>>> print(open('coords_29.cif').read())   # mmCIF, C-alpha atoms
data_input
#
loop_
_atom_site.label_atom_id
_atom_site.label_comp_id
_atom_site.auth_asym_id
_atom_site.auth_seq_id
_atom_site.Cartn_x
_atom_site.Cartn_y
_atom_site.Cartn_z
CA MET A 1 140.51 -35.59 230.19
CA VAL A 2 140.83 -36.89 226.70
CA VAL A 3 143.69 -34.51 225.81
CA GLY A 4 146.16 -36.02 228.27
CA PRO A 5 146.09 -39.58 226.84
CA LEU A 6 146.17 -38.18 223.31
CA LYS A 7 149.41 -36.26 224.05
CA THR A 8 151.17 -39.55 224.80
CA LEU A 9 149.86 -41.13 221.61
CA LEU A 10 150.48 -38.33 219.04
CA PRO A 11 153.76 -36.68 218.02
CA VAL A 12 154.11 -32.92 218.48
CA GLY A 13 153.12 -32.11 214.87
CA LYS A 14 149.99 -34.20 215.11
CA ARG A 15 149.19 -32.70 218.50
CA GLY A 16 149.34 -29.25 216.87
CA PHE A 17 146.98 -30.42 214.15
CA LEU A 18 144.64 -31.80 216.80
CA ALA A 19 144.64 -28.41 218.58
CA ILE A 20 143.37 -26.75 215.40
CA VAL A 21 140.67 -29.40 215.07
CA LEU A 22 139.59 -28.81 218.66
CA VAL A 23 139.43 -25.02 218.11
CA ALA A 24 137.27 -25.53 215.03
CA ALA A 25 135.01 -27.90 217.00
CA LEU A 26 134.63 -25.39 219.83
CA ALA A 27 133.91 -22.60 217.33
CA GLY A 28 131.30 -24.78 215.66
CA ALA A 29 129.69 -25.38 219.02
CA GLY A 30 129.47 -21.60 219.51
CA VAL A 31 127.64 -21.23 216.21
CA LEU A 32 125.25 -24.07 216.98
CA SER A 33 124.40 -22.53 220.34
CA GLY A 34 123.61 -19.19 218.66
CA VAL A 35 126.21 -17.26 220.71
CA LEU A 36 128.20 -16.01 217.68
CA GLY A 37 126.70 -14.17 214.72
CA ALA A 38 127.53 -14.32 211.03
CA PRO A 39 128.46 -11.11 209.20
CA SER A 40 125.86 -9.73 206.81
CA VAL A 41 125.74 -7.28 203.93
CA VAL A 42 124.09 -4.03 205.10
CA GLY A 43 123.92 -2.27 201.74
CA VAL A 44 125.77 -0.71 198.84
CA ASP A 45 126.60 2.83 197.72
CA ASN A 46 127.94 3.90 194.33
CA GLU A 47 129.12 7.32 193.17
CA PHE A 48 130.78 8.72 190.07
CA GLY A 49 134.36 9.82 190.73
CA ASP A 50 136.95 11.36 188.44
CA VAL A 51 135.89 11.81 184.81
CA THR A 52 138.29 12.19 181.88
CA ASN A 53 137.76 12.15 178.12
CA GLU A 54 138.54 8.43 178.11
CA THR A 55 137.24 6.99 181.39
CA THR A 56 134.68 7.46 184.16
CA GLU A 57 135.50 6.34 187.68
CA ILE A 58 132.81 4.47 189.62
CA ARG A 59 133.39 4.35 193.37
CA THR A 60 131.62 1.60 195.28
CA ALA A 61 131.22 1.07 199.01
CA LEU A 62 129.97 -2.30 200.26
CA VAL A 63 129.08 -2.12 203.97
CA VAL A 64 129.28 -5.40 205.89
CA ASP A 65 128.17 -5.80 209.50
CA ASN A 66 130.22 -8.12 211.71
CA PRO A 67 128.09 -8.54 214.91
CA ASN A 68 130.94 -10.27 216.77
CA PRO A 69 133.36 -8.32 219.02
CA PHE A 70 136.28 -9.79 217.04
CA GLY A 71 137.95 -8.77 213.82
CA VAL A 72 137.71 -11.04 210.80
CA ARG A 73 140.78 -11.43 208.62
CA VAL A 74 140.03 -13.49 205.55
CA GLY A 75 142.71 -14.71 203.16
CA ASN A 76 142.19 -16.22 199.71
CA THR A 77 139.10 -14.05 199.29
CA SER A 78 138.20 -11.59 196.54
CA VAL A 79 135.34 -9.47 195.23
CA ASN A 80 134.67 -9.43 191.49
CA TYR A 81 132.19 -6.95 190.12
CA THR A 82 130.87 -5.88 186.72
CA VAL A 83 128.94 -2.72 185.85
CA GLU A 84 126.36 -3.31 183.09
CA MET A 85 123.93 -0.95 181.36
CA ASN A 86 121.29 -2.87 179.39
CA ASP A 87 123.66 -5.88 179.46
CA VAL A 88 126.49 -3.82 177.94
CA ALA A 89 129.53 -4.44 180.16
CA MET A 90 130.81 -0.95 181.00
CA ALA A 91 133.45 -1.78 183.62
CA THR A 92 134.91 -4.65 185.64
CA GLY A 93 137.01 -4.74 188.80
CA GLU A 94 138.38 -6.92 191.60
CA ARG A 95 139.41 -6.55 195.25
CA SER A 96 141.34 -9.16 197.24
CA ASN A 97 142.25 -9.90 200.89
CA LEU A 98 139.15 -8.68 202.69
CA GLY A 99 139.09 -7.81 206.38
CA LEU A 100 136.15 -7.07 208.69
CA ASP A 101 136.31 -5.08 211.93
CA PRO A 102 133.67 -5.45 214.65
CA GLY A 103 130.49 -3.62 213.72
CA ASN A 104 130.16 -2.12 210.24
CA THR A 105 133.09 -2.20 207.86
CA THR A 106 133.04 -0.29 204.58
CA LEU A 107 134.80 -2.13 201.76
CA ARG A 108 135.70 0.37 199.04
CA PHE A 109 136.31 -0.34 195.35
CA SER A 110 137.13 1.82 192.35
CA THR A 111 136.32 0.86 188.77
CA ARG A 112 137.19 2.65 185.53
CA MET A 113 134.43 2.70 182.93
CA GLU A 114 135.48 3.12 179.31
CA ASN A 115 133.66 6.12 177.82
CA GLY A 116 134.05 4.48 174.42
CA LYS A 117 131.25 2.10 175.48
CA ILE A 118 128.74 4.98 175.69
CA PRO A 119 127.66 4.79 171.99
CA GLU A 120 126.92 1.06 172.29
CA TRP A 121 124.87 1.64 175.46
CA TRP A 122 123.05 4.63 173.94
CA ALA A 123 121.80 2.51 171.04
CA THR A 124 120.32 -0.01 173.50
CA HIS A 125 118.74 2.82 175.51
CA ILE A 126 116.90 4.17 172.47
CA ARG A 127 115.91 0.70 171.24
CA ASN A 128 114.46 0.01 174.69
CA ASP A 129 112.09 3.02 174.57
CA GLU A 130 114.57 5.24 176.41
CA ARG A 131 114.92 2.83 179.31
CA THR A 132 118.08 1.42 180.81
CA THR A 133 118.59 -1.15 183.55
CA LEU A 134 121.89 -0.51 185.29
CA ARG A 135 123.25 -3.56 187.12
CA ILE A 136 126.30 -4.08 189.29
CA ARG A 137 127.01 -7.77 189.63
CA SER A 138 129.18 -8.30 192.72
CA LYS A 139 130.45 -11.69 193.86
CA VAL A 140 132.56 -12.38 196.94
CA SER A 141 134.49 -15.63 196.47
CA SER A 142 136.74 -17.70 198.75
CA SER A 143 139.03 -20.48 197.57
CA LEU A 144 139.30 -21.49 201.23
CA VAL A 145 135.70 -22.62 201.58
CA GLY A 146 134.82 -22.97 197.90
CA ARG A 147 131.71 -20.79 198.17
CA SER A 148 130.53 -17.41 196.91
CA VAL A 149 127.96 -14.82 197.89
CA ARG A 150 126.35 -12.55 195.30
CA VAL A 151 125.26 -9.01 196.15
CA PRO A 152 122.89 -7.86 193.37
CA TYR A 153 122.21 -4.19 192.61
CA SER A 154 120.03 -2.67 189.90
CA GLN A 155 118.58 0.73 189.03
CA ARG A 156 116.14 1.86 186.34
CA ILE A 157 117.08 4.86 184.19
CA GLU A 158 114.41 6.49 182.01
CA THR A 159 114.47 9.54 179.75
CA ASN A 160 111.86 11.28 177.60
CA ILE A 161 113.81 13.18 175.00
CA ILE A 162 111.68 13.97 171.94
CA ASP A 163 108.05 13.66 173.07
CA GLU A 164 107.69 17.41 173.57
CA PHE A 165 108.53 17.95 169.90
CA ASN A 166 105.05 16.62 169.12
CA SER A 167 102.88 19.74 168.94
CA THR A 168 99.81 21.09 167.14
CA GLU A 169 100.58 24.70 168.04
CA THR A 170 100.53 27.07 165.04
CA ARG A 171 103.81 29.02 164.79
CA PRO A 172 104.56 31.79 162.26
CA VAL A 173 107.86 31.77 160.34
CA ASN A 174 109.31 35.19 159.49
CA ALA A 175 111.96 35.77 156.85
CA SER A 176 112.95 39.15 158.31
CA ALA A 177 114.25 40.05 154.84
CA PRO A 178 113.84 43.24 152.74
CA LEU A 179 110.83 43.38 150.43
CA VAL A 180 109.32 40.26 151.99
CA SER A 181 106.11 40.47 153.99
CA ASP A 182 106.06 38.26 157.08
CA PRO A 183 105.08 35.66 157.94
CA VAL A 184 106.15 33.71 154.90
CA LEU A 185 104.98 30.38 156.34
CA TYR A 186 103.10 28.87 159.23
CA VAL A 187 104.04 25.60 160.90
CA ASN A 188 100.79 24.05 162.08
CA GLU A 189 102.10 20.77 163.47
CA THR A 190 105.35 19.01 164.33
CA SER A 191 105.97 15.39 165.29
CA ALA A 192 108.98 13.15 165.85
CA ASN A 193 109.87 9.58 166.73
CA TRP A 194 113.03 7.53 166.93
CA GLY A 195 114.21 5.52 163.97
CA SER A 196 116.18 2.27 164.26
CA PRO A 197 119.46 3.10 166.02
CA THR A 198 122.78 1.45 165.30
CA ARG A 199 126.06 1.71 167.18
CA ASP A 200 127.05 4.62 164.92
CA ARG A 201 123.83 6.52 164.24
CA THR A 202 120.57 7.38 166.00
CA PRO A 203 117.97 8.64 163.51
CA ILE A 204 115.01 10.84 164.44
CA ARG A 205 112.10 10.87 161.98
CA MET A 206 110.46 14.31 161.89
CA ARG A 207 107.37 15.72 160.20
CA MET A 208 106.37 19.37 159.85
CA ARG A 209 102.99 20.46 158.48
CA MET A 210 103.61 23.80 156.78
CA TYR A 211 101.01 26.28 155.49
CA ASN A 212 101.68 28.87 152.77
CA PRO A 213 99.53 32.00 153.43
CA LYS A 214 100.53 33.74 150.18
CA GLN A 215 98.75 33.88 146.84
CA VAL A 216 101.75 32.33 145.06
CA PRO A 217 103.46 28.98 145.63
CA TYR A 218 106.69 28.63 147.58
CA THR A 219 109.41 26.09 147.07
CA VAL A 220 111.28 25.05 150.21
CA SER A 221 114.50 23.92 148.62
CA GLU A 222 116.21 22.83 151.84
CA ILE A 223 115.63 22.42 155.55
CA GLY A 224 118.72 22.02 157.67
CA TYR A 225 119.31 21.27 161.32
CA GLU A 226 122.00 21.05 163.99
CA VAL A 227 121.74 18.96 167.16
CA THR A 228 123.77 19.92 170.23
CA MET A 229 123.93 18.38 173.70
CA ASN A 230 125.43 20.70 176.32
CA GLY A 231 126.76 22.75 173.42
CA ILE A 232 128.55 19.76 171.89
CA PRO A 233 127.57 19.18 168.20
CA VAL A 234 126.29 15.61 167.88
CA GLY A 235 124.39 15.80 164.59
CA GLU A 236 123.61 17.93 161.55
CA GLY A 237 122.10 17.51 158.09
CA THR A 238 119.56 18.67 155.50
CA THR A 239 116.47 17.38 153.75
CA ALA A 240 117.05 15.15 150.74
CA ARG A 241 114.73 16.97 148.31
CA PRO A 242 112.80 20.27 147.86
CA TYR A 243 109.11 20.74 148.67
CA THR A 244 106.66 22.98 146.81
CA ILE A 245 103.86 24.45 148.91
CA PRO A 246 100.95 25.75 146.76
CA ALA A 247 99.29 29.06 147.54
CA ASN A 248 96.97 29.01 150.58
CA SER A 249 97.75 25.32 151.07
CA GLU A 250 99.50 22.89 153.40
CA ARG A 251 102.23 20.34 152.78
CA THR A 252 103.84 17.86 155.13
CA VAL A 253 107.62 18.10 155.04
CA LYS A 254 109.51 15.02 156.17
CA MET A 255 113.11 14.97 157.32
CA ARG A 256 115.48 12.54 158.99
CA THR A 257 117.66 13.96 161.74
CA VAL A 258 120.67 11.89 162.78
CA ILE A 259 122.61 11.87 166.05
CA ARG A 260 126.15 10.62 165.43
CA ASN A 261 126.84 8.27 168.31
CA GLN A 262 130.62 8.47 168.11
CA ARG A 263 130.33 11.98 169.55
CA LEU A 264 128.37 10.83 172.59
CA ASP A 265 131.38 9.92 174.72
CA GLU A 266 132.30 13.63 174.80
CA TRP A 267 128.69 14.45 175.68
CA TRP A 268 128.76 11.89 178.52
CA VAL A 269 131.67 13.70 180.17
CA SER A 270 129.76 17.00 180.01
CA HIS A 271 126.62 15.31 181.38
CA LEU A 272 128.43 14.11 184.52
CA GLU A 273 130.34 17.36 184.97
CA ASN A 274 127.00 19.18 184.79
CA ASP A 275 125.47 17.18 187.70
CA GLN A 276 123.92 14.60 185.34
CA THR A 277 122.06 17.30 183.39
CA THR A 278 122.00 17.86 179.62
CA HIS A 279 120.58 20.69 177.54
CA LEU A 280 119.49 19.17 174.22
CA LYS A 281 118.89 21.68 171.42
CA ILE A 282 117.85 21.24 167.77
CA ASP A 283 118.09 24.36 165.59
CA PHE A 284 116.39 24.48 162.15
CA TYR A 285 116.62 26.70 159.11
CA ALA A 286 114.91 26.69 155.71
CA LYS A 287 115.88 27.95 152.26
CA VAL A 288 112.79 29.34 150.53
CA ASP A 289 112.69 30.15 146.81
CA LEU A 290 110.62 33.33 146.47
CA PRO A 291 108.47 34.26 143.40
CA THR A 292 110.98 37.04 142.67
CA GLY A 293 113.54 34.35 141.85
CA SER A 294 115.66 34.97 144.93
CA THR A 295 116.31 32.46 147.70
CA VAL A 296 116.29 33.44 151.36
CA ARG A 297 117.63 31.49 154.29
CA VAL A 298 115.01 31.60 157.02
CA PRO A 299 115.92 30.67 160.62
CA LEU A 300 113.09 28.50 161.88
CA ARG A 301 113.35 29.89 165.39
CA PRO A 302 109.77 28.96 166.31
CA LEU A 303 110.78 25.34 165.66
CA THR A 304 113.88 25.41 167.84
CA TYR A 305 113.55 22.39 170.10
CA GLU A 306 115.10 22.44 173.57
CA LYS A 307 114.92 19.72 176.17
CA ARG A 308 116.44 19.39 179.63
CA ILE A 309 117.56 15.82 180.28
CA GLU A 310 118.30 14.74 183.84
CA THR A 311 119.44 11.39 185.18
CA HIS A 312 119.81 10.30 188.79
CA ILE A 313 122.21 7.38 188.49
CA PHE A 314 123.37 6.11 191.90
CA GLU A 315 121.44 8.85 193.76
CA ASN A 316 119.12 6.49 195.66
CA ASP A 317 121.41 3.70 196.82
CA SER A 318 120.59 1.77 199.97
CA ILE A 319 123.31 3.42 202.06
CA GLU A 320 123.74 6.73 200.28
CA GLY A 321 126.89 8.57 201.38
CA ALA A 322 128.89 5.51 202.43
CA VAL A 323 131.48 6.11 199.69
CA GLU A 324 132.54 9.30 201.46
CA GLY A 325 131.73 8.06 205.01
CA SER A 326 134.05 6.59 207.62
CA ASN A 327 134.68 2.96 208.46
CA GLY A 328 133.92 1.11 211.64
CA THR A 329 130.62 2.62 212.77
CA THR A 330 129.20 0.06 215.17
CA ARG A 331 125.65 -0.84 216.06
CA PRO A 332 124.10 -3.53 218.29
CA ALA A 333 124.54 -7.06 217.02
CA GLY A 334 121.47 -8.65 215.52
CA THR A 335 119.91 -5.43 214.16
CA THR A 336 119.41 -4.80 210.46
CA ARG A 337 119.08 -1.78 208.22
CA ALA A 338 116.45 -1.37 205.52
CA THR A 339 117.68 -0.99 201.95
CA THR A 340 116.02 1.05 199.22
CA GLY A 341 116.70 1.72 195.59
CA SER A 342 118.40 -1.58 194.78
CA ASP A 343 117.54 -5.23 194.35
CA SER A 344 117.00 -7.15 197.55
CA GLY A 345 117.98 -10.74 198.04
CA ALA A 346 121.35 -12.45 197.81
CA THR A 347 122.40 -15.82 196.44
CA THR A 348 125.03 -18.24 197.59
CA GLU A 349 126.93 -20.19 194.97
CA THR A 350 128.86 -23.39 195.55
CA THR A 351 131.84 -24.57 193.54
CA ASP A 352 129.61 -26.84 191.46
CA GLY A 353 127.63 -23.83 190.21
CA ARG A 354 124.46 -24.34 192.26
CA THR A 355 122.85 -21.23 193.74
CA THR A 356 120.48 -20.80 196.67
CA ASP A 357 118.54 -17.73 197.71
CA ALA A 358 119.30 -16.03 200.99
CA PRO A 359 115.96 -14.83 202.42
CA PRO A 360 115.53 -11.12 203.24
CA THR A 361 115.20 -10.04 206.85
CA GLU A 362 112.16 -7.96 207.81
CA THR A 363 112.69 -4.78 209.81
CA THR A 364 110.26 -3.11 212.17
CA ALA A 365 109.28 -0.71 209.38
CA GLY A 366 108.20 -3.59 207.21
CA GLU A 367 111.05 -3.09 204.75
CA THR A 368 113.64 -5.68 203.84
CA THR A 369 117.40 -5.84 203.80
CA THR A 370 119.59 -8.42 202.14
CA THR A 371 121.64 -10.63 204.40
CA ASP A 372 123.93 -13.55 203.66
CA ASP A 373 123.73 -15.50 206.92
CA GLY A 374 124.93 -19.00 206.17
CA GLY A 375 126.54 -17.77 202.97
CA LEU A 376 130.16 -17.00 202.26
CA LEU A 377 130.69 -14.37 204.93
CA GLY A 378 128.92 -16.57 207.46
CA SER A 379 131.25 -19.46 206.64
CA LEU A 380 134.31 -17.26 206.89
CA SER A 381 133.36 -15.89 210.30
CA VAL A 382 135.11 -18.87 211.95
CA ASP A 383 138.11 -16.49 211.99
CA ALA A 384 136.26 -14.27 214.47
CA ARG A 385 135.19 -17.24 216.56
CA ALA A 386 138.76 -18.50 216.77
CA ALA A 387 139.75 -15.12 218.24
CA ARG A 388 138.17 -16.32 221.49
CA TYR A 389 141.03 -18.79 221.81
CA PHE A 390 143.91 -16.79 220.28
CA PRO A 391 145.13 -13.28 221.23
CA SER A 392 144.99 -12.04 217.59
CA PRO A 393 142.88 -12.93 214.53
CA ILE A 394 144.01 -15.84 212.38
CA GLU A 395 144.88 -14.83 208.81
CA PHE A 396 144.12 -17.63 206.37
#
>>> encode(input="coords_29.cif", output="structure tokens")
Amino acid sequence: MVVGPLKTLLPVGKRGFLAIVLVAALAGAGVLSGVLGAPSVVGVDNEFGDVTNETTEIRTALVVDNPNPFGVRVGNTSVNYTVEMNDVAMATGERSNLGLDPGNTTLRFSTRMENGKIPEWWATHIRNDERTTLRIRSKVSSSLVGRSVRVPYSQRIETNIIDEFNSTETRPVNASAPLVSDPVLYVNETSANWGSPTRDRTPIRMRMRMYNPKQVPYTVSEIGYEVTMNGIPVGEGTTARPYTIPANSERTVKMRTVIRNQRLDEWWVSHLENDQTTHLKIDFYAKVDLPTGSTVRVPLRPLTYEKRIETHIFENDSIEGAVEGSNGTTRPAGTTRATTGSDSGATTETTDGRTTDAPPTETTAGETTTTDDGGLLGSLSVDARAARYFPSPIEF
């Protein structure tokens, strides 16, 4: 009854503007009455994609549930995301012009990580006691409403590379040379620990307690080593000085093994191509000056150190398999899915930089899933509400 008098008072252009205002008011009334639901983030899935010598593809699927029976077409909206490993930015990406179908919609992204960043990350991993926190910082922003929703994700990566080198097992060393009675030495103890890594070098401090079983002294003029990871040489070197081991006595031989980090980007490619598995191997040899005046090169095979290194990056995401799954799988409005393996909780950011936490929703199993009701996607769902009054979604 109010519209009729208004038509006589307002020109056509202003009447059109008023129609939009009335639609927004009706949509707002639907939200206040609880009839319409706000879309929510169900979970995230990440997988490694194509790997080259220079880059590693990271494929991301962000699944958003739109509980309304209407599609959401959102203009002026983008997703920015950064992949970090121990705060080292490995990759960044962006996706614009988002759209949500009824039910679950999988938003897919692809990011290229520079393999040249691997040495910098590796140094932080060793400095942090072989621990890495992988984070993907995702933010959905809209210039239309001036708000953002953050979707945090993190995963802990731990390795244990050199601990097994610490041993008190007695191992004989044979020269396997003519006129030499074996064993020529015994290694009674080995130990190792990381030195202070830099971007270029990762030192390993090693100690070997050697016993000379002979009645004459030996001089170990050199101990050399080679480090390989999946067959790729990443380090080699020798001791800085000779060691004399008296007859029937022990000496502790110290050496500094170095991994050359600039070779680790090639290793990284092999690690991913080998299902995130690495075979680390350190081979040793010694040059022993015999009492006869000759020098023999002795392979220290009993000291060969081998270690299987496995990582499980992205293997326990909250919606594992969504990267390869199909879009549009629907489920009843108002239900939630539990998330595991990633951070829970989302934050909403306004244009003035303030953030507020979006509380997690509890499921019947007692687990939690992150939602963003009232956040950016909730604000943008007015597009779906307007579909009640227009035959097709409005594209902002």
>>> residues_around(input="coords_29.cif", residues="A:Phe284", least_positions_apart="2", cutoff="8 Å", atoms="only C-alpha atoms", output="NGL selection string")
:A and (223-226 or 282 or 286 or 299-301 or 303-304)
>>> resolve_selection(input="coords_29.cif", expression="the PyMOL selection byres ((chain A and resi 103) around 6)", output="ChimeraX atom specification")
/A:65-67,102,104,330
>>> write_last_selection(input="coords_29.cif", atoms="C-alpha atoms", output="compact mmCIF listing (two decimals), keeping the file's coordinate frame")
# COMPACT_ATOMS: atom_id res chain seq x y z
CA ASP A 65 128.17 -5.80 209.50
CA ASN A 66 130.22 -8.12 211.71
CA PRO A 67 128.09 -8.54 214.91
CA PRO A 102 133.67 -5.45 214.65
CA ASN A 104 130.16 -2.12 210.24
CA THR A 330 129.20 0.06 215.17
>>> closest_residue(input="coords_29.cif", among="A:Arg150, A:His271, A:Arg156, A:Arg135", to="A:Val88", atoms="all atoms listed in the file")
A:Arg135
>>> residues_near_point(input="coords_29.cif", point="(122.5, 19.8, 185.8)", cutoff="10 Å", atoms="only C-alpha atoms", output="PyMOL selection string")
chain A and resi 230+270-279+308-311
>>> residues_around(input="coords_29.cif", residues="stretch 251-263 of chain A", least_positions_apart="3", cutoff="7 Å", atoms="all atoms listed in the file", output="list in words")
Pro119, Arg199, Asp200, Arg201, Thr202, Pro203, Ile204, Arg205, Met206, Arg207, Met208, Arg209, Met210, Tyr211, Val234, Gly235, Glu236, Gly237, Thr239, Ile245, Glu266 and Trp267 of chain A
>>> resolve_selection(input="coords_29.cif", expression="the PyMOL selection byres ((chain A and resi 323) around 7)", output="PyMOL selection string")
chain A and resi 45-46+59-61+321-322+324-325
>>> closest_residue(input="coords_29.cif", among="A:Asp265, A:Leu100, A:Glu84, A:Leu107", to="A:Leu62", atoms="all atoms listed in the file")
A:Leu107
>>> resolve_selection(input="coords_29.cif", expression="the PyMOL selection byres ((chain A and resi 111) around 7)", output="list of chain:residue names")
A:Glu57, A:Ile58, A:Arg59, A:Ala91, A:Thr92, A:Gly93, A:Phe109, A:Ser110, A:Arg112, A:Met113
>>> atom_distance(input="coords_29.cif", atom1="atom CA of A:Ala192", atom2="atom CA of A:Thr133")
24.7 Å
>>> residues_around(input="coords_29.cif", residues="stretch 163-173 of chain A", least_positions_apart="2", cutoff="8 Å", atoms="all atoms listed in the file", output="tab-separated table (two decimals) with C-alpha atoms, in the frame of the given file")
chain	number	residue	atom	x	y	z
A	160	ASN	CA	111.86	11.28	177.60
A	161	ILE	CA	113.81	13.18	175.00
A	175	ALA	CA	111.96	35.77	156.85
A	182	ASP	CA	106.06	38.26	157.08
A	183	PRO	CA	105.08	35.66	157.94
A	184	VAL	CA	106.15	33.71	154.90
A	185	LEU	CA	104.98	30.38	156.34
A	186	TYR	CA	103.10	28.87	159.23
A	187	VAL	CA	104.04	25.60	160.90
A	188	ASN	CA	100.79	24.05	162.08
A	189	GLU	CA	102.10	20.77	163.47
A	190	THR	CA	105.35	19.01	164.33
A	191	SER	CA	105.97	15.39	165.29
A	192	ALA	CA	108.98	13.15	165.85
A	193	ASN	CA	109.87	9.58	166.73
A	298	VAL	CA	115.01	31.60	157.02
A	300	LEU	CA	113.09	28.50	161.88
A	301	ARG	CA	113.35	29.89	165.39
A	302	PRO	CA	109.77	28.96	166.31
A	303	LEU	CA	110.78	25.34	165.66
A	305	TYR	CA	113.55	22.39	170.10
>>> closest_residue(input="coords_29.cif", among="A:Glu47, A:Thr82, A:Val42, A:Thr295", to="A:Val63", atoms="only C-alpha atoms")
A:Val42
>>> atom_distance(input="coords_29.cif", atom1="atom CA of A:Thr55", atom2="atom CA of A:Ile118")
10.4 Å
>>> atom_distance(input="coords_29.cif", atom1="atom CA of A:Thr56", atom2="atom CA of A:Val83")
11.8 Å
>>> residues_around(input="coords_29.cif", residues="A:Thr219", least_positions_apart="5", cutoff="8 Å", atoms="all atoms listed in the file", output="JSON, numbers by chain")
{"A": [242, 243, 244, 245, 288, 289, 290]}
>>> decode(input="coords_29.cif", residues="stretch 234-246 of chain A", atoms="C-alpha atoms", output="PDB file, in the first residue's frame")
ATOM      1  CA  VAL A 234      74.720 -33.472  -1.455  1.00  0.00           C
ATOM      2  CA  GLY A 235      78.019 -33.434   0.455  1.00  0.00           C
ATOM      3  CA  GLU A 236      81.560 -34.772   0.606  1.00  0.00           C
ATOM      4  CA  GLY A 237      84.822 -34.001   2.383  1.00  0.00           C
ATOM      5  CA  THR A 238      87.739 -35.248   4.481  1.00  0.00           C
ATOM      6  CA  THR A 239      89.189 -34.758   7.945  1.00  0.00           C
ATOM      7  CA  ALA A 240      91.425 -31.735   8.417  1.00  0.00           C
ATOM      8  CA  ARG A 241      94.369 -33.537  10.058  1.00  0.00           C
ATOM      9  CA  PRO A 242      95.810 -37.049  10.676  1.00  0.00           C
ATOM     10  CA  TYR A 243      95.322 -39.055  13.875  1.00  0.00           C
ATOM     11  CA  THR A 244      97.845 -41.430  15.452  1.00  0.00           C
ATOM     12  CA  ILE A 245      96.362 -44.345  17.381  1.00  0.00           C
ATOM     13  CA  PRO A 246      98.917 -45.984  19.746  1.00  0.00           C
TER      14      PRO A 246
END
